[in-house]
Amino acid sequence: MAVKKKIIYRGAEAEILLSKYMNYKAVEKRRIEKGYRIKELDHKLRSLRTKEEAKLMIEARKSGVAVPIIYDVDLENYTITMEYLEGKRLKDILNNVSEKERKKLCKMIGENIARLHSNNIIHGDITTSNMILFDDKIHFIDFGLGEINSEIEAKGTDLHVLMEAFEATHFKYPNCFDYVLQGYKSILKEEAEPIIRKIEEIVKRGRYR
Ligand SMILES: Nc1ncnc2c1ncn2[C@@H]1O[C@H](COP(=O)(O)OP(=O)(O)O)[C@@H](O)[C@H]1O
Ligand SMILES: [Mg+2]
């Protein structure tokens, strides 16, 4: 039986459809065609990125970070079918909770990023739009720009993206990012030091460009 699917989001790279898998609410993330690319290359790139994203989601789960359960990966249709997280995006709640709650959530974000980084998983687009609070856990989504990379530079850059996202979206709460780093350090210990220094270096580089 075909299920009716409703588009809940349409981005530049992918669309998200509300779907069903067996009896579970699911979403399908489908990479869309880029008309400017040669057909054959477009097919290759879309299926490669679909595969890479699914792999990173699995690696993230193994590192102890909550991610949607993957139900199916269909490379022919560039689609990952996954658990529908019926929660709220961090972007939409972080500005509307108490300071105590905000601190708790930010520390949790930092702990999760540390778990990813300790396994050399770079998310690639850490913003509060790509985190969903569901079942009391912060779930990370959207590993489409991610990679496996053990370099300090890659980890620092990953955190720097979040720093800038905070400055743009949660600018009323300038200590948010400090709480993230507290959580990050609590897991990575001294390994965090060179990565945090790298963030400072990246900020300076940007200033003098
Ligand atoms: N598993 C999911 N459960 C609930 N909502 C989701 C899920 N995956 C994606 N979304 C929603 O769709 C949006 C876009 O998905 P995302 O993977 O971030 O795509 P993009 O790469 O285009 O940013 C998310 O910000 C979120 O609101
Ligand atoms: Mg996204």
# chains A, B, ... in the order shown; residues from 1 in each chain; ligands from 1

call {"tool": "residues_around", "arguments": {"residues": "Asp92 of chain A", "least_positions_apart": "2", "cutoff": "10 Å", "atoms": "only C-alpha atoms", "output": "ChimeraX atom specification"}}
result
/A:88-90,94-96,128-129,132,169

call {"tool": "residues_around", "arguments": {"residues": "Gly144 of chain A", "least_positions_apart": "3", "cutoff": "10 Å", "atoms": "only C-alpha atoms", "output": "ChimeraX atom specification"}}
result
/A:13-14,31,49-54,56-57,123-125,141,147

call {"tool": "closest_residue", "arguments": {"among": "A:Lys198, A:Lys29, A:Arg115, A:Lys6", "to": "ligand 2", "atoms": "only C-alpha atoms and all ligand atoms"}}
result
A:Lys29

call {"tool": "closest_residue", "arguments": {"among": "A:Ile32, A:Leu41, A:Ile122, A:Leu159", "to": "Asn77 of chain A", "atoms": "only C-alpha atoms"}}
result
A:Ile32

call {"tool": "residues_near_ligand", "arguments": {"ligand": "ligand 1", "cutoff": "8 Å", "atoms": "only C-alpha atoms and all ligand atoms", "output": "VMD selection string"}}
result
chain A and resid 8 to 16 26 to 29 67 to 68 82 to 87 89 129 to 132 141 to 144

call {"tool": "atom_distance", "arguments": {"atom1": "atom CA of Ser150 of chain A", "atom2": "atom CA of Asn120 of chain A"}}
result
4.8 Å

call {"tool": "atom_distance", "arguments": {"atom1": "atom CA of Met108 of chain A", "atom2": "atom CA of Ile138 of chain A"}}
result
7.4 Å

call {"tool": "select_by_dssp", "arguments": {"residues": "segment 9-60 of chain A", "states": "helix (DSSP H, G or I)", "output": "PDB file with C-alpha atoms, in the first residue's frame"}}
result
ATOM      1  CA  LYS A  39      23.000  13.512 -15.153  1.00  0.00           C
ATOM      2  CA  GLU A  40      25.524  10.792 -14.548  1.00  0.00           C
ATOM      3  CA  LEU A  41      27.604  12.861 -12.139  1.00  0.00           C
ATOM      4  CA  ASP A  42      24.466  14.066 -10.377  1.00  0.00           C
ATOM      5  CA  HIS A  43      23.387  10.472  -9.795  1.00  0.00           C
ATOM      6  CA  LYS A  44      26.822   9.525  -8.451  1.00  0.00           C
ATOM      7  CA  LEU A  45      27.063  12.495  -6.111  1.00  0.00           C
ATOM      8  CA  ARG A  46      23.558  12.145  -4.718  1.00  0.00           C
ATOM      9  CA  SER A  47      23.951   8.469  -3.980  1.00  0.00           C
ATOM     10  CA  LEU A  48      27.456   8.942  -2.547  1.00  0.00           C
ATOM     11  CA  ARG A  49      26.292  11.689  -0.188  1.00  0.00           C
ATOM     12  CA  THR A  50      23.273   9.658   0.866  1.00  0.00           C
ATOM     13  CA  LYS A  51      25.555   6.741   1.712  1.00  0.00           C
ATOM     14  CA  GLU A  52      28.085   8.949   3.529  1.00  0.00           C
ATOM     15  CA  GLU A  53      25.374  10.600   5.620  1.00  0.00           C
ATOM     16  CA  ALA A  54      23.907   7.257   6.685  1.00  0.00           C
ATOM     17  CA  LYS A  55      27.379   5.966   7.591  1.00  0.00           C
ATOM     18  CA  LEU A  56      28.110   8.987   9.761  1.00  0.00           C
ATOM     19  CA  MET A  57      24.758   8.661  11.529  1.00  0.00           C
ATOM     20  CA  ILE A  58      25.688   5.111  12.439  1.00  0.00           C
ATOM     21  CA  GLU A  59      29.164   6.164  13.611  1.00  0.00           C
ATOM     22  CA  ALA A  60      27.589   8.917  15.712  1.00  0.00           C
TER      23      ALA A  60
END

call {"tool": "decode", "arguments": {"residues": "segment 123-156 of chain A", "atoms": "C-alpha atoms", "output": "PDB file, in the first residue's frame"}}
result
ATOM      1  CA  HIS A 123      29.498  16.922  11.883  1.00  0.00           C
ATOM      2  CA  GLY A 124      30.158  19.724   9.420  1.00  0.00           C
ATOM      3  CA  ASP A 125      27.108  21.860  10.169  1.00  0.00           C
ATOM      4  CA  ILE A 126      26.630  22.081  13.919  1.00  0.00           C
ATOM      5  CA  THR A 127      23.838  24.597  14.390  1.00  0.00           C
ATOM      6  CA  THR A 128      20.864  24.556  16.722  1.00  0.00           C
ATOM      7  CA  SER A 129      18.647  23.877  13.657  1.00  0.00           C
ATOM      8  CA  ASN A 130      20.314  20.504  13.384  1.00  0.00           C
ATOM      9  CA  MET A 131      19.533  19.400  16.949  1.00  0.00           C
ATOM     10  CA  ILE A 132      16.195  18.129  18.160  1.00  0.00           C
ATOM     11  CA  LEU A 133      15.258  17.683  21.817  1.00  0.00           C
ATOM     12  CA  PHE A 134      13.239  14.500  22.000  1.00  0.00           C
ATOM     13  CA  ASP A 135      12.837  11.919  24.732  1.00  0.00           C
ATOM     14  CA  ASP A 136      15.013  14.092  27.063  1.00  0.00           C
ATOM     15  CA  LYS A 137      17.969  13.690  24.737  1.00  0.00           C
ATOM     16  CA  ILE A 138      19.493  16.081  22.248  1.00  0.00           C
ATOM     17  CA  HIS A 139      19.432  14.307  18.906  1.00  0.00           C
ATOM     18  CA  PHE A 140      21.835  15.363  16.179  1.00  0.00           C
ATOM     19  CA  ILE A 141      20.630  15.340  12.582  1.00  0.00           C
ATOM     20  CA  ASP A 142      21.927  16.405   9.177  1.00  0.00           C
ATOM     21  CA  PHE A 143      25.349  14.781   8.825  1.00  0.00           C
ATOM     22  CA  GLY A 144      25.313  15.598   5.112  1.00  0.00           C
ATOM     23  CA  LEU A 145      28.387  17.828   5.340  1.00  0.00           C
ATOM     24  CA  GLY A 146      30.257  15.604   7.751  1.00  0.00           C
ATOM     25  CA  GLU A 147      33.395  13.513   7.496  1.00  0.00           C
ATOM     26  CA  ILE A 148      35.785  11.384   9.483  1.00  0.00           C
ATOM     27  CA  ASN A 149      38.825  13.515  10.289  1.00  0.00           C
ATOM     28  CA  SER A 150      41.192  13.359  13.246  1.00  0.00           C
ATOM     29  CA  GLU A 151      42.783  16.792  12.762  1.00  0.00           C
ATOM     30  CA  ILE A 152      42.613  19.541  15.396  1.00  0.00           C
ATOM     31  CA  GLU A 153      41.788  22.015  12.624  1.00  0.00           C
ATOM     32  CA  ALA A 154      38.677  20.042  11.568  1.00  0.00           C
ATOM     33  CA  LYS A 155      37.404  19.811  15.149  1.00  0.00           C
ATOM     34  CA  GLY A 156      38.088  23.479  15.849  1.00  0.00           C
TER      35      GLY A 156
END
